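K.L.:
So I've got this file, query.txt, and it contains compact mmCIF, C-alpha atoms:
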```
# COMPACT_ATOMS: atom_id res chain seq x y z
CA MET J 1 19.03 0.45 79.55
CA ASN J 2 18.01 3.32 77.29
CA HIS J 3 17.00 6.02 79.83
CA GLY J 4 13.58 6.05 78.18
CA ILE J 5 14.85 7.57 74.91
CA THR J 6 14.51 5.46 71.77
CA PRO J 7 16.81 5.76 68.73
CA ASN J 8 13.96 7.37 66.79
CA GLU J 9 13.43 9.95 69.54
CA TRP J 10 17.15 10.74 69.61
CA GLU J 11 17.08 11.19 65.84
CA ARG J 12 14.00 13.41 65.92
CA HIS J 13 15.57 15.42 68.74
CA LEU J 14 18.70 16.02 66.65
CA ASN J 15 16.52 16.92 63.70
CA GLY J 16 14.27 19.21 65.74
CA THR J 17 11.10 17.31 64.77
CA LEU J 18 9.90 16.10 68.18
CA THR J 19 6.46 17.08 69.44
CA THR J 20 6.43 19.68 72.24
CA THR J 21 5.58 17.04 74.87
CA GLU J 22 8.36 14.71 73.73
CA GLN J 23 10.79 17.62 73.53
CA GLU J 24 10.01 18.74 77.08
CA ARG J 25 10.38 15.20 78.46
CA ILE J 26 13.74 14.65 76.79
CA ASP J 27 15.07 18.11 77.68
CA ALA J 28 14.15 17.50 81.31
CA HIS J 29 16.04 14.21 81.24
CA LEU J 30 19.10 15.71 79.55
CA ILE J 31 19.42 18.40 82.22
CA GLY J 32 19.60 15.81 84.96
CA CYS J 33 21.61 13.05 83.25
CA LEU J 34 25.29 13.76 82.63
CA PRO J 35 26.05 10.76 80.33
CA CYS J 36 23.02 11.58 78.17
CA TRP J 37 23.96 15.26 78.06
CA ASP J 38 27.50 14.39 77.03
CA PHE J 39 26.20 12.00 74.35
CA TYR J 40 23.79 14.65 73.07
CA GLN J 41 26.54 17.30 72.88
CA ARG J 42 28.81 14.99 70.92
CA MET J 43 26.01 14.03 68.57
CA MET J 44 25.30 17.72 67.95
CA THR J 45 28.97 18.37 67.16
CA LEU J 46 29.02 15.41 64.79
CA ASN J 47 25.81 16.63 63.17
CA ALA J 48 27.30 20.09 62.57
CA LYS J 49 30.40 18.48 61.04
CA LEU J 50 28.28 16.33 58.74
CA GLN J 51 26.25 19.34 57.63
CA GLU J 52 29.41 21.32 56.89
CA ALA J 53 31.13 18.43 55.09
CA GLY J 54 27.98 17.83 53.01
CA GLU J 55 27.95 21.49 52.01
CA MET J 56 31.62 21.35 51.01
CA LYS J 57 30.97 18.25 48.93
CA ARG J 58 28.10 20.02 47.16
CA ASP J 59 30.37 22.97 46.32
CA ALA J 60 33.09 20.66 45.01
CA PHE J 61 31.02 19.69 41.97
CA ALA J 62 30.14 23.08 40.53
CA LEU J 63 28.94 23.05 36.92
CA SER J 64 29.98 25.61 34.28
CA ASP J 65 27.35 27.44 32.22
CA GLU J 66 28.76 25.86 29.06
CA ARG J 67 28.32 22.31 30.36
CA LEU J 68 24.84 23.20 31.59
CA ARG J 69 23.89 24.48 28.15
CA ALA J 70 25.36 21.47 26.38
CA GLY J 71 23.39 19.20 28.72
CA LEU J 72 20.16 21.08 28.06
CA LEU J 73 20.70 20.84 24.32
CA ASN J 74 21.24 17.07 24.52
CA VAL J 75 18.09 16.55 26.57
CA PHE J 76 16.00 18.65 24.19
CA THR J 77 17.36 16.60 21.28
CA ARG J 78 16.24 13.41 23.05
CA ILE J 79 12.84 14.91 23.80
CA HIS J 80 12.46 16.00 20.19
CA ASN J 81 13.45 12.56 18.90
CA ALA J 82 11.00 10.90 21.28
CA GLU J 83 8.19 13.23 20.23
CA THR J 84 8.71 12.69 16.51
CA ASP J 85 8.96 8.95 17.15
CA GLU J 86 12.05 8.86 15.01
CA PRO J 87 14.82 7.09 16.79
CA ALA J 88 18.03 9.06 16.22
CA THR J 89 20.39 7.35 13.81
CA PRO J 90 24.00 6.95 14.97
CA LEU J 91 25.00 9.65 12.47
CA GLN J 92 22.29 12.04 13.70
CA THR J 93 23.41 11.43 17.29
CA ARG J 94 27.01 12.16 16.26
CA LEU J 95 25.93 15.38 14.54
CA ASN J 96 24.07 16.44 17.69
CA GLU J 97 27.15 15.74 19.76
CA LEU J 98 29.34 17.77 17.43
CA GLU J 99 26.89 20.66 17.63
CA ALA J 100 26.79 20.42 21.44
CA VAL J 101 30.60 20.40 21.66
CA MET J 102 30.90 23.34 19.29
CA SER J 103 28.22 25.32 21.16
CA VAL J 104 30.39 25.19 24.25
CA PHE J 105 33.13 27.10 22.43
CA CYS J 106 31.32 29.48 20.12
CA GLY J 107 27.66 29.55 21.10
CA GLU J 108 24.62 27.70 19.81
CA GLN J 109 23.81 29.79 16.73
CA ALA J 110 27.40 29.92 15.49
CA ALA J 111 27.61 26.14 15.93
CA VAL J 112 24.43 25.58 13.88
CA ASN J 113 25.71 27.90 11.13
CA ALA J 114 29.11 26.22 11.07
CA MET J 115 27.55 22.76 10.76
CA GLN J 116 25.37 23.90 7.87
CA ALA J 117 28.28 25.65 6.12
CA ALA J 118 30.53 22.60 6.51
CA ALA J 119 27.85 20.35 5.05
CA ALA J 120 27.10 22.76 2.18
CA HIS J 121 30.78 22.91 1.19
CA SER J 122 31.33 19.17 1.38
CA PRO J 123 30.17 16.39 -0.98
CA ALA J 124 27.09 15.89 1.22
CA LYS J 125 25.78 19.36 0.26
CA SER J 126 23.40 19.44 3.27
CA LEU J 127 23.23 18.06 6.82
CA LYS J 128 20.37 15.74 5.86
CA GLN J 129 22.43 14.08 3.17
CA ILE J 130 25.40 13.18 5.31
CA THR J 131 26.21 9.48 5.16
CA HIS J 132 29.07 7.29 6.33
CA GLU J 133 30.65 7.67 2.89
CA ASN J 134 30.78 11.47 2.87
CA TRP J 135 31.29 11.90 6.63
CA GLU J 136 35.07 12.38 6.52
CA PRO J 137 35.14 15.35 4.07
CA PHE J 138 32.32 16.96 6.06
CA LEU J 139 34.24 16.53 9.30
CA GLN J 140 37.44 17.95 7.80
CA ARG J 141 35.51 20.99 6.57
CA LEU J 142 33.95 21.46 10.00
CA ILE J 143 37.35 21.20 11.71
CA ALA J 144 38.71 23.90 9.40
CA ILE J 145 35.83 26.22 10.37
CA ALA J 146 36.18 25.28 14.05
CA GLN J 147 39.87 26.25 14.07
CA VAL J 148 38.78 29.82 13.30
CA LEU J 149 35.70 29.89 15.54
CA CYS J 150 36.81 27.79 18.50
CA GLY J 151 40.60 27.82 18.40
CA ARG J 152 42.91 24.81 18.28
CA THR J 153 41.63 23.26 21.49
CA GLY J 154 38.03 23.39 20.31
CA ALA J 155 38.95 22.00 16.89
CA ARG J 156 40.90 19.15 18.46
CA TRP J 157 38.01 18.31 20.78
CA LEU J 158 35.68 18.35 17.79
CA LEU J 159 37.97 16.02 15.86
CA GLU J 160 38.00 13.55 18.76
CA SER J 161 34.22 13.70 19.07
CA GLY J 162 33.70 13.35 15.31
CA ARG J 163 35.67 10.18 14.66
CA LEU J 164 33.36 7.37 13.58
CA MET G 1 13.93 31.71 40.12
CA ASP G 2 14.27 29.33 43.08
CA GLU G 3 14.00 25.53 42.98
CA GLN G 4 10.47 25.31 44.32
CA THR G 5 9.13 27.89 41.85
CA ALA G 6 10.83 26.08 38.96
CA ILE G 7 9.31 22.75 40.04
CA ARG G 8 5.83 24.25 40.43
CA LEU G 9 6.08 26.06 37.09
CA PHE G 10 7.09 22.90 35.23
CA PHE G 11 4.29 20.76 36.63
CA ASP G 12 1.71 23.51 36.11
CA GLU G 13 2.67 24.62 32.62
CA ARG G 14 4.72 21.81 31.00
CA THR G 15 6.19 24.23 28.47
CA ASP G 16 9.74 24.17 27.07
CA GLU G 17 10.51 27.37 28.99
CA ALA G 18 9.33 25.81 32.25
CA PHE G 19 11.42 22.71 31.55
CA CYS G 20 14.48 24.92 30.93
CA ALA G 21 13.95 26.58 34.30
CA LEU G 22 13.60 23.19 35.97
CA PHE G 23 16.67 21.88 34.16
CA VAL G 24 18.83 24.77 35.39
CA GLU G 25 17.85 24.04 39.00
CA VAL G 26 17.82 20.25 38.93
CA TYR G 27 20.49 19.11 36.46
CA PRO G 28 23.48 20.13 38.64
CA ARG G 29 22.03 18.10 41.52
CA ALA G 30 21.35 15.06 39.34
CA ARG G 31 24.89 15.28 37.91
CA ARG G 32 26.37 15.59 41.41
CA TYR G 33 24.44 12.51 42.53
CA PHE G 34 26.53 10.43 40.10
CA LEU G 35 29.83 12.24 40.66
CA VAL G 36 29.65 11.71 44.41
CA ARG G 37 29.22 8.00 43.70
CA ASN G 38 32.51 7.90 41.77
CA VAL G 39 31.11 8.00 38.26
CA ASP G 40 33.39 9.83 35.78
CA GLN G 41 32.33 13.27 34.60
CA MET G 42 31.20 12.42 31.06
CA THR G 43 29.16 9.41 32.21
CA ALA G 44 27.73 11.43 35.10
CA GLU G 45 26.49 14.02 32.62
CA ASP G 46 25.01 11.36 30.34
CA LEU G 47 23.19 9.75 33.26
CA ALA G 48 21.98 13.09 34.62
CA GLN G 49 20.60 13.91 31.17
CA ALA G 50 18.81 10.56 31.12
CA VAL G 51 17.26 11.46 34.50
CA LEU G 52 16.04 14.83 33.25
CA PHE G 53 14.67 13.20 30.10
CA ARG G 54 12.68 10.74 32.22
CA ILE G 55 11.35 13.55 34.39
CA HIS G 56 10.09 15.27 31.25
CA GLN G 57 8.52 12.08 29.88
CA LYS G 58 7.04 10.74 33.12
CA ALA G 59 5.95 13.94 34.84
CA ASP G 60 2.40 12.59 35.19
CA GLU G 61 3.61 9.80 37.46
CA LEU G 62 4.57 12.11 40.33
CA LYS G 63 1.61 12.23 42.70
CA ASP G 64 2.97 14.57 45.40
CA ARG G 65 5.11 17.47 44.22
CA ALA G 66 6.47 17.96 47.71
CA LEU G 67 8.32 14.68 47.20
CA PHE G 68 9.86 15.73 43.89
CA TYR G 69 13.45 15.18 45.02
CA GLY G 70 12.60 11.75 46.44
CA TRP G 71 11.20 10.85 43.03
CA LEU G 72 14.18 12.35 41.19
CA PHE G 73 16.73 10.42 43.22
CA THR G 74 14.73 7.21 42.75
CA ILE G 75 15.08 7.71 38.98
CA ALA G 76 18.77 8.55 39.42
CA ARG G 77 19.32 5.43 41.51
CA ASN G 78 17.69 3.25 38.84
CA GLU G 79 19.84 4.84 36.13
CA LEU G 80 22.96 4.20 38.21
CA LEU G 81 22.04 0.55 38.84
CA GLN G 82 21.39 0.09 35.13
CA HIS G 83 24.75 1.69 34.33
CA TRP G 84 26.58 -0.58 36.79
CA ARG G 85 24.88 -3.63 35.33
CA LYS G 86 26.04 -2.64 31.86
CA GLN G 87 29.55 -2.01 33.16
CA GLN G 88 29.66 -5.42 34.79
CA SER G 89 28.79 -7.11 31.53
CA ARG G 90 31.82 -5.57 29.82
CA ILE G 91 35.41 -6.46 30.37
CA VAL G 92 37.69 -3.57 29.59
CA THR G 93 41.46 -3.66 29.58
CA VAL G 94 43.22 -0.34 29.85
CA GLU G 95 46.86 0.54 29.58
CA LEU G 96 47.91 2.51 32.62
CA GLU G 97 50.21 5.40 31.91
CA PRO G 98 52.93 6.15 34.43
CA LEU G 99 52.19 9.14 36.63
CA ALA G 100 54.02 12.31 35.78
CA GLU G 101 56.78 13.12 38.23
CA ASN G 102 55.18 16.36 39.25
CA PHE G 103 51.79 14.72 39.78
CA THR G 104 50.14 16.01 42.94
CA VAL G 105 46.80 15.41 44.54
CA GLU G 106 44.63 18.49 44.80
CA PRO G 107 44.53 19.49 48.45
CA THR G 108 41.13 19.28 50.09
CA GLY G 109 39.99 20.42 53.51
CA MET G 110 40.56 18.22 56.54
CA LEU G 111 36.84 17.94 57.11
CA GLN G 112 36.32 16.76 53.54
CA LEU G 113 39.00 14.10 53.96
CA GLU G 114 37.47 13.05 57.25
CA PHE G 115 34.03 12.79 55.63
CA ASP G 116 35.35 10.66 52.75
CA GLU G 117 37.22 8.48 55.22
CA TRP G 118 34.06 8.01 57.28
CA LEU G 119 32.19 6.90 54.17
CA ASN G 120 34.73 4.11 53.71
CA PHE G 121 33.86 2.68 57.12
CA LEU G 122 30.16 2.47 56.33
CA GLU G 123 28.14 -0.28 54.70
CA PRO G 124 26.81 0.60 51.19
CA ASN G 125 23.26 1.23 52.45
CA GLU G 126 24.56 3.40 55.32
CA ARG G 127 26.76 5.37 52.91
CA GLU G 128 23.80 5.93 50.61
CA LEU G 129 21.70 7.19 53.51
CA LEU G 130 24.41 9.59 54.66
CA LEU G 131 25.03 10.99 51.17
CA LEU G 132 21.34 11.53 50.48
CA ARG G 133 20.78 13.17 53.84
CA PHE G 134 23.85 15.39 54.14
CA VAL G 135 25.07 15.96 50.58
CA GLU G 136 21.70 16.08 48.81
CA GLY G 137 19.91 17.47 51.85
CA LEU G 138 16.84 15.23 51.51
CA THR G 139 14.15 15.40 54.19
CA TYR G 140 13.07 12.25 56.04
CA GLU G 141 9.95 12.04 53.86
CA GLU G 142 12.03 12.29 50.67
CA LEU G 143 14.35 9.61 52.03
CA THR G 144 11.41 7.25 52.54
CA VAL G 145 10.46 7.69 48.86
CA THR G 146 14.01 7.33 47.52
CA LEU G 147 14.97 4.35 49.65
CA GLY G 148 11.54 2.76 49.80
CA ILE G 149 11.59 2.30 53.58
CA PRO G 150 9.19 3.59 56.30
CA LEU G 151 9.82 6.82 58.18
CA GLY G 152 10.59 5.04 61.45
CA THR G 153 13.26 2.96 59.71
CA VAL G 154 14.83 6.08 58.17
CA GLU G 155 15.04 7.66 61.63
CA SER G 156 16.51 4.67 63.39
CA ARG G 157 18.99 3.92 60.57
CA LEU G 158 20.20 7.52 60.58
CA PHE G 159 20.64 7.43 64.33
CA HIS G 160 22.65 4.20 64.15
CA VAL G 161 24.85 5.60 61.36
CA ARG G 162 25.57 8.67 63.51
CA LYS G 163 26.37 6.46 66.48
CA LYS G 164 28.72 4.38 64.34
CA LEU G 165 30.49 7.53 63.15
CA LEU G 166 30.85 8.70 66.72
CA ARG G 167 32.54 5.41 67.59
CA ILE G 168 34.86 5.76 64.58
CA ALA G 169 35.72 9.34 65.56
CA ASP G 170 36.42 8.17 69.12
CA ALA G 171 38.62 5.34 67.92
CA GLN G 172 40.56 7.70 65.65
CA SER G 173 41.13 10.25 68.40
CA GLY G 174 42.05 7.54 70.92
CA LYS G 175 39.16 8.37 73.24
CA PRO G 176 37.41 5.61 75.19
CA LYS G 177 34.22 4.18 73.67
CA ALA G 178 31.21 6.51 73.93
CA SER G 179 29.62 6.04 77.32
CA ALA G 180 26.18 6.61 75.86
CA ASN G 181 26.69 3.69 73.50
CA SER G 182 24.65 1.47 75.73
CA LYS G 183 21.88 3.99 75.92
CA THR G 184 19.87 2.49 73.15
CA SER G 185 20.86 -1.11 73.60
CA LYS G 186 18.35 -2.82 75.74
```
Take the structure in the file and write it out as structure tokens.
P.N.:
Amino acid sequence: MNHGITPNEWERHLNGTLTTTEQERIDAHLIGCLPCWDFYQRMMTLNAKLQEAGEMKRDAFALSDERLRAGLLNVFTRIHNAETDEPATPLQTRLNELEAVMSVFCGEQAAVNAMQAAAAHSPAKSLKQITHENWEPFLQRLIAIAQVLCGRTGARWLLESGRL
Amino acid sequence: MDEQTAIRLFFDERTDEAFCALFVEVYPRARRYFLVRNVDQMTAEDLAQAVLFRIHQKADELKDRALFYGWLFTIARNELLQHWRKQQSRIVTVELEPLAENFTVEPTGMLQLEFDEWLNFLEPNERELLLLRFVEGLTYEELTVTLGIPLGTVESRLFHVRKKLLRIADAQSGKPKASANSKTSK
């Protein structure tokens, strides 16, 4: 027994997507059928609870502007690498990560400048010439700059991210 | 700028500025998709970035812009499956640190707890349907694209999930079984 209402019609009724004719037929039935009315009411209450809980869950995962910016930077780096057909080397990827981490603390431009300054004052002399061999002095130089620009927390985070 | 304008702008113009606007609107949702499915924050961000990268690279493949979110969550789902496959192929041993004495669980609302508890009672495909519908707010049409099932199946599955939840709620509150349970059983 289904009182002439299919699961799909119930669902469309709850969702408000029934045609006018279907809507009128089901409304007429609900008025005269107590069990169906009770079922409908409870479904509506459940639906409202689900909507509210879904909204709360959405709010629980808010994203900070800094994380948003770091994410955008990473995606643009991937897009750029894909466009130039140059697969990013592990070192290049690590440099991008360091820049993204630093941007969170002191902004994008300051991060770029700090990276360049650290490279210039290390044996590598420039970002392009950084290798596994001269990575450590470059990283130490960058950490020293980061302590001033980003504070101890930022510098520590950078150190963790920069370990090969 | 609202979501719809950002989507339209990106597909019309395909400029870096338009992609930035799209990113701002879409990235938090893509990231949340993974977080809700118990992926840790760093991995969730990596996967969400992979989704946005694919959107940028494969924008030509979307035929109907109205179904953008269906398409997005299909990409997200594939990324998640790929991630799980990789995870399964690794065996990781971790040292568990003892919990601090003053460790406390962040309090959440009753409704939130109830919702999470409900999810535990559902089958994986039912859970997925509920999350996409009520957390991501997908329309029926977007659900058909994401899940790859016909509209009628989306409707009937949603109805049966609701009915199951009603039974769980009844059982938890000690009420007798829903009298309208037999309504749809022939």
K.L.:
What is the atom CA of J:Thr45-atom CA of J:His3 distance in Å, reported with one decimal?
P.N.:
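Between atom CA of J:Thr45 and atom CA of J:His3 the gap works out to 21.4 Å.
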K.L.:
Tell me the residues of chain J close to chain G, meaning within 8 Å using only C-alpha atoms, as a short mmCIF file (atom, residue, chain, number, x, y, z; two decimals) with C-alpha atoms, keeping the file's coordinate frame.
P.N.:
```
data_model
loop_
_atom_site.label_atom_id
_atom_site.label_comp_id
_atom_site.auth_asym_id
_atom_site.auth_seq_id
_atom_site.Cartn_x
_atom_site.Cartn_y
_atom_site.Cartn_z
CA MET J 1 19.03 0.45 79.55
CA ASN J 2 18.01 3.32 77.29
CA HIS J 3 17.00 6.02 79.83
CA ILE J 5 14.85 7.57 74.91
CA THR J 6 14.51 5.46 71.77
CA PRO J 7 16.81 5.76 68.73
CA ASN J 8 13.96 7.37 66.79
CA TRP J 10 17.15 10.74 69.61
CA GLU J 11 17.08 11.19 65.84
CA ARG J 12 14.00 13.41 65.92
CA PRO J 35 26.05 10.76 80.33
CA CYS J 36 23.02 11.58 78.17
CA ASP J 38 27.50 14.39 77.03
CA PHE J 39 26.20 12.00 74.35
CA ARG J 42 28.81 14.99 70.92
CA MET J 43 26.01 14.03 68.57
CA LEU J 46 29.02 15.41 64.79
CA ASN J 47 25.81 16.63 63.17
CA LYS J 49 30.40 18.48 61.04
CA LEU J 50 28.28 16.33 58.74
CA GLN J 51 26.25 19.34 57.63
CA ALA J 53 31.13 18.43 55.09
CA GLY J 54 27.98 17.83 53.01
CA GLU J 55 27.95 21.49 52.01
CA MET J 56 31.62 21.35 51.01
CA LYS J 57 30.97 18.25 48.93
CA ARG J 58 28.10 20.02 47.16
CA PHE J 61 31.02 19.69 41.97
CA ALA J 62 30.14 23.08 40.53
CA LEU J 63 28.94 23.05 36.92
CA LEU J 68 24.84 23.20 31.59
CA GLY J 71 23.39 19.20 28.72
CA LEU J 72 20.16 21.08 28.06
CA ASN J 74 21.24 17.07 24.52
CA VAL J 75 18.09 16.55 26.57
CA ARG J 78 16.24 13.41 23.05
CA ILE J 79 12.84 14.91 23.80
#
```
K.L.:
Which residue, G:Leu81, G:Leu62, G:Asn120, G:Glu17, has the smallest gap to J:Phe76 when you use all atoms listed in the file?
P.N.:
G:Glu17
K.L.:
Just how far from atom CA of G:Phe34 is atom CA of J:Phe105, in Å to one decimal?
P.N.:
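The value is 25.2 Å.
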K.L.:
Give me, as number ranges by chain, all polymer residues having an atom no more than 12 Å from G:Trp71, counting only C-alpha atoms and skipping those fewer than 4 positions away in the same chain.
P.N.:
G: 30, 51-52, 54-55, 58-67, 75-78, 138, 141-148
K.L.:
Could you turn the residues from that selection into a file that holds C-alpha atoms, as a PDB file, keeping the file's coordinate frame?
P.N.:
```pdb
ATOM      1  CA  ALA G  30      21.350  15.060  39.340  1.00  0.00           C
ATOM      2  CA  VAL G  51      17.260  11.460  34.500  1.00  0.00           C
ATOM      3  CA  LEU G  52      16.040  14.830  33.250  1.00  0.00           C
ATOM      4  CA  ARG G  54      12.680  10.740  32.220  1.00  0.00           C
ATOM      5  CA  ILE G  55      11.350  13.550  34.390  1.00  0.00           C
ATOM      6  CA  LYS G  58       7.040  10.740  33.120  1.00  0.00           C
ATOM      7  CA  ALA G  59       5.950  13.940  34.840  1.00  0.00           C
ATOM      8  CA  ASP G  60       2.400  12.590  35.190  1.00  0.00           C
ATOM      9  CA  GLU G  61       3.610   9.800  37.460  1.00  0.00           C
ATOM     10  CA  LEU G  62       4.570  12.110  40.330  1.00  0.00           C
ATOM     11  CA  LYS G  63       1.610  12.230  42.700  1.00  0.00           C
ATOM     12  CA  ASP G  64       2.970  14.570  45.400  1.00  0.00           C
ATOM     13  CA  ARG G  65       5.110  17.470  44.220  1.00  0.00           C
ATOM     14  CA  ALA G  66       6.470  17.960  47.710  1.00  0.00           C
ATOM     15  CA  LEU G  67       8.320  14.680  47.200  1.00  0.00           C
ATOM     16  CA  ILE G  75      15.080   7.710  38.980  1.00  0.00           C
ATOM     17  CA  ALA G  76      18.770   8.550  39.420  1.00  0.00           C
ATOM     18  CA  ARG G  77      19.320   5.430  41.510  1.00  0.00           C
ATOM     19  CA  ASN G  78      17.690   3.250  38.840  1.00  0.00           C
ATOM     20  CA  LEU G 138      16.840  15.230  51.510  1.00  0.00           C
ATOM     21  CA  GLU G 141       9.950  12.040  53.860  1.00  0.00           C
ATOM     22  CA  GLU G 142      12.030  12.290  50.670  1.00  0.00           C
ATOM     23  CA  LEU G 143      14.350   9.610  52.030  1.00  0.00           C
ATOM     24  CA  THR G 144      11.410   7.250  52.540  1.00  0.00           C
ATOM     25  CA  VAL G 145      10.460   7.690  48.860  1.00  0.00           C
ATOM     26  CA  THR G 146      14.010   7.330  47.520  1.00  0.00           C
ATOM     27  CA  LEU G 147      14.970   4.350  49.650  1.00  0.00           C
ATOM     28  CA  GLY G 148      11.540   2.760  49.800  1.00  0.00           C
TER      29      GLY G 148
END
```
K.L.:
Would you work out the distance separating atom CA of J:Leu30 from atom CA of G:Ile168, expressed in Å to one decimal?
P.N.:
23.9 Å
K.L.:
Mind checking which residues fall within 9 Å of J:Gly154, counting only C-alpha atoms, ignoring those fewer than 5 positions away in the same chain, and posting them as a list in words?
P.N.:
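That gives Val101, Met102, Val104, Phe105, Ile143, Ala146, Gln147, Leu149 and Leu159 of chain J.
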K.L.:
Would you list the contacts of J:Arg141 as a list of chain:residue names, taking every protein, DNA or RNA residue within 12 Å and counting only C-alpha atoms, but skipping same-chain residues closer than 4 positions in sequence?
P.N.:
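In the requested format, the answer is J:Ala114, J:Met115, J:Gln116, J:Ala117, J:Ala118, J:Ala119, J:Ala120, J:His121, J:Ser122, J:Pro123, J:Ala124, J:Lys125, J:Asn134, J:Trp135, J:Glu136, J:Pro137, J:Ile145, J:Ala146, J:Gln147, J:Val148, J:Ala155, J:Leu158, J:Leu159, J:Gly162.
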K.L.:
Padding of 6 Å on every side, edges along x, y and z, all listed atoms of stretch 40-46 of chain G included: what centre and edge lengths in Å, to one decimal, does that box have, as AutoDock Vina command-line options?
P.N.:
```
--center_x 29.2 --center_y 11.7 --center_z 33.1 --size_x 20.4 --size_y 16.6 --size_z 17.4
```
K.L.:
May I have the protein, DNA and RNA residues with any atom at most 8 Å from the point (20.0, 19.8, 66.2), counting all atoms listed in the file, written as a PyMOL selection string?
P.N.:
chain J and resi 13-16+44+47
